[in-house]
Amino acid sequence: MINLKSEREIELMHEAGKLLAATHREIAKMIKPGITTADIEEFVEKYLAEHGATAEQKGYQGYKYATCASVNDEICHGFPTKKPLKEGDIVTIDMVVNLNGGLADSAWTYPVGEVSNETARLLEVTKNSLYKAIEQAQAGNRLGDIGHAIQSYVEGEKYSVVRDFTGHGIGKTIHEDPTVLHYGKPGKGMRLKEGMVITIEPMVNAGTWHSKMDQNGWTARTVDGKLSAQYEHTIVITKEGPKILTEQ
Ligand code: MF3
Ligand code: CO
């Protein structure tokens, strides 16, 4: 069932989203060789508490942390660790902020120090694919238009789109209907409506899209050991078009 949101609900989610965007801006300043994803985790918990918010992922389905921190070949749901990040690594920080009951979800991949041109291109293409998908998030369009925008662009750039994890509706809980696939056919799938709030969160691999699960039961990584990047925004579909709730 799809929950269309009221103006008030959207406003609360937007407030959460602005705080989430501010948190990402602070993280961007912290990221450099030598810092750990445990440092980022600690920062996020403190920063959200200072701003009257909580980390919705902590305790969600038994997940233990405020952030997911996925390094290099980790696709998503990496655990924060005390291992220092090194020059040339990439790290995706994904989190869900709860501010006064409004939720917002956004992930960003950060380069650590200087990265290779090829790594920078993966980040660029992944980020572009998110914004191309957001352009398709118009009332009257279909979910397949979103998936197709990502898949056609990413595959044209000779990268692959992860199939095993998806975007989603979001509202009172992190995951609601619909499931938002990052691949698909134009004109297919559910029609988008004003008041729908969804995440779009393409995970793009440098090699094959196939993933494998770590022993911890959470962390997915690429089967070929190549890099994976991800950018995610929470958006609302309005009369005037898509509005990003996790940007400012
Ligand atoms: N933020 C993640 C997403 O984009 C949710 C991760 S679930 C968690 O859907 F339990 F790992 F936090
Ligand atoms: Co999400």
# chains A, B, ... in the order shown; residues from 1 in each chain; ligands from 1

call {"tool": "residues_near_ligand", "arguments": {"ligand": "ligand 2", "cutoff": "7 Å", "atoms": "only C-alpha atoms and all ligand atoms", "output": "VMD selection string"}}
result
chain A and resid 105 to 106 167 to 168 199 201 232

call {"tool": "write_last_selection", "arguments": {"atoms": "N, CA and C atoms", "output": "short mmCIF file (atom, residue, chain, number, x, y, z; two decimals), in the first residue's frame"}}
result
data_model
loop_
_atom_site.label_atom_id
_atom_site.label_comp_id
_atom_site.auth_asym_id
_atom_site.auth_seq_id
_atom_site.Cartn_x
_atom_site.Cartn_y
_atom_site.Cartn_z
N ASP A 105 16.33 9.89 4.29
CA ASP A 105 17.34 8.86 4.02
C ASP A 105 18.25 9.36 2.89
N SER A 106 19.54 9.37 3.12
CA SER A 106 20.45 9.82 2.06
C SER A 106 21.83 9.21 2.24
N GLY A 167 15.64 1.27 -4.11
CA GLY A 167 15.04 2.39 -3.41
C GLY A 167 13.68 1.96 -2.87
N HIS A 168 13.00 2.89 -2.20
CA HIS A 168 11.79 2.50 -1.47
C HIS A 168 10.97 3.73 -1.10
N THR A 199 12.76 7.03 -1.99
CA THR A 199 14.21 7.20 -2.13
C THR A 199 14.61 6.67 -3.50
N GLU A 201 18.32 5.47 -4.99
CA GLU A 201 19.64 5.24 -4.40
C GLU A 201 20.49 4.26 -5.20
N GLU A 232 22.22 8.68 -2.82
CA GLU A 232 20.79 8.51 -2.51
C GLU A 232 20.20 9.81 -2.00
#

call {"tool": "residues_around", "arguments": {"residues": "Met203 of chain A", "least_positions_apart": "4", "cutoff": "12 Å", "atoms": "only C-alpha atoms", "output": "number ranges by chain"}}
result
A: 70, 73-77, 92, 94, 107-109, 122-123, 125-130, 147, 150-151, 154, 159-167, 181-183, 207-211, 220-222, 227-232

call {"tool": "closest_residue", "arguments": {"among": "A:Lys185, A:Arg8, A:His233, A:Arg142", "to": "ligand 1", "atoms": "only C-alpha atoms and all ligand atoms"}}
result
A:His233

call {"tool": "select_by_dssp", "arguments": {"residues": "segment 35-152 of chain A", "states": "alpha helix (DSSP H)", "output": "ChimeraX atom specification"}}
result
/A:37-50,117-135,143-152

call {"tool": "residues_around", "arguments": {"residues": "segment 47-56 of chain A", "least_positions_apart": "4", "cutoff": "7 Å", "atoms": "only C-alpha atoms", "output": "MDAnalysis selection string"}}
result
chainID A and resid 43 60 66 96:99

call {"tool": "write_last_selection", "arguments": {"atoms": "all heavy atoms", "output": "PDB file, in the first residue's frame"}}
result
ATOM      1  N   PHE A  43      30.731  10.786  15.363  1.00  0.00           N
ATOM      2  CA  PHE A  43      30.358  12.162  15.033  1.00  0.00           C
ATOM      3  C   PHE A  43      28.856  12.268  14.739  1.00  0.00           C
ATOM      4  O   PHE A  43      28.168  13.170  15.236  1.00  0.00           O
ATOM      5  CB  PHE A  43      31.176  12.679  13.832  1.00  0.00           C
ATOM      6  CG  PHE A  43      30.572  13.934  13.280  1.00  0.00           C
ATOM      7  CD1 PHE A  43      30.753  15.149  13.940  1.00  0.00           C
ATOM      8  CD2 PHE A  43      29.749  13.901  12.159  1.00  0.00           C
ATOM      9  CE1 PHE A  43      30.134  16.303  13.467  1.00  0.00           C
ATOM     10  CE2 PHE A  43      29.129  15.049  11.690  1.00  0.00           C
ATOM     11  CZ  PHE A  43      29.319  16.260  12.343  1.00  0.00           C
ATOM     12  N   TYR A  60      17.228  -0.719  13.850  1.00  0.00           N
ATOM     13  CA  TYR A  60      16.288  -1.101  12.782  1.00  0.00           C
ATOM     14  C   TYR A  60      16.591  -2.528  12.315  1.00  0.00           C
ATOM     15  O   TYR A  60      17.699  -2.801  11.838  1.00  0.00           O
ATOM     16  CB  TYR A  60      16.397  -0.113  11.612  1.00  0.00           C
ATOM     17  CG  TYR A  60      15.461  -0.419  10.469  1.00  0.00           C
ATOM     18  CD1 TYR A  60      14.108  -0.153  10.563  1.00  0.00           C
ATOM     19  CD2 TYR A  60      15.937  -0.990   9.293  1.00  0.00           C
ATOM     20  CE1 TYR A  60      13.251  -0.438   9.515  1.00  0.00           C
ATOM     21  CE2 TYR A  60      15.090  -1.278   8.234  1.00  0.00           C
ATOM     22  CZ  TYR A  60      13.752  -0.999   8.349  1.00  0.00           C
ATOM     23  OH  TYR A  60      12.907  -1.293   7.308  1.00  0.00           O
ATOM     24  N   ALA A  66      24.326   3.855  13.718  1.00  0.00           N
ATOM     25  CA  ALA A  66      23.633   5.022  13.162  1.00  0.00           C
ATOM     26  C   ALA A  66      23.866   5.130  11.661  1.00  0.00           C
ATOM     27  O   ALA A  66      23.023   5.623  10.919  1.00  0.00           O
ATOM     28  CB  ALA A  66      24.138   6.286  13.851  1.00  0.00           C
ATOM     29  N   VAL A  96      19.756   7.442   8.062  1.00  0.00           N
ATOM     30  CA  VAL A  96      18.364   7.888   8.094  1.00  0.00           C
ATOM     31  C   VAL A  96      18.183   8.724   9.353  1.00  0.00           C
ATOM     32  O   VAL A  96      18.447   8.245  10.454  1.00  0.00           O
ATOM     33  CB  VAL A  96      17.389   6.693   8.100  1.00  0.00           C
ATOM     34  CG1 VAL A  96      15.949   7.181   8.131  1.00  0.00           C
ATOM     35  CG2 VAL A  96      17.629   5.795   6.893  1.00  0.00           C
ATOM     36  N   VAL A  97      17.753   9.967   9.171  1.00  0.00           N
ATOM     37  CA  VAL A  97      17.547  10.883  10.301  1.00  0.00           C
ATOM     38  C   VAL A  97      16.062  10.900  10.682  1.00  0.00           C
ATOM     39  O   VAL A  97      15.199  10.957   9.802  1.00  0.00           O
ATOM     40  CB  VAL A  97      18.017  12.308   9.924  1.00  0.00           C
ATOM     41  CG1 VAL A  97      17.560  13.338  10.956  1.00  0.00           C
ATOM     42  CG2 VAL A  97      19.538  12.337   9.784  1.00  0.00           C
ATOM     43  N   ASN A  98      15.827  10.843  11.978  1.00  0.00           N
ATOM     44  CA  ASN A  98      14.474  11.026  12.512  1.00  0.00           C
ATOM     45  C   ASN A  98      14.460  12.316  13.319  1.00  0.00           C
ATOM     46  O   ASN A  98      15.134  12.425  14.340  1.00  0.00           O
ATOM     47  CB  ASN A  98      14.099   9.836  13.411  1.00  0.00           C
ATOM     48  CG  ASN A  98      12.677   9.945  13.958  1.00  0.00           C
ATOM     49  OD1 ASN A  98      12.131  11.049  14.113  1.00  0.00           O
ATOM     50  ND2 ASN A  98      12.077   8.809  14.262  1.00  0.00           N
ATOM     51  N   LEU A  99      13.737  13.308  12.812  1.00  0.00           N
ATOM     52  CA  LEU A  99      13.610  14.586  13.515  1.00  0.00           C
ATOM     53  C   LEU A  99      12.117  14.829  13.746  1.00  0.00           C
ATOM     54  O   LEU A  99      11.367  14.984  12.775  1.00  0.00           O
ATOM     55  CB  LEU A  99      14.239  15.708  12.693  1.00  0.00           C
ATOM     56  CG  LEU A  99      14.190  17.114  13.308  1.00  0.00           C
ATOM     57  CD1 LEU A  99      14.966  17.195  14.618  1.00  0.00           C
ATOM     58  CD2 LEU A  99      14.741  18.151  12.315  1.00  0.00           C
TER      59      LEU A  99
END

call {"tool": "select_by_dssp", "arguments": {"residues": "segment 5-239 of chain A", "states": "strand (DSSP E or B)", "output": "ChimeraX atom specification"}}
result
/A:36,54-55,67-71,74-76,84,90-99,102-111,142,160-161,167-169,176-180,191,197-200,203-205,211-213,220-222,228-230,232-238
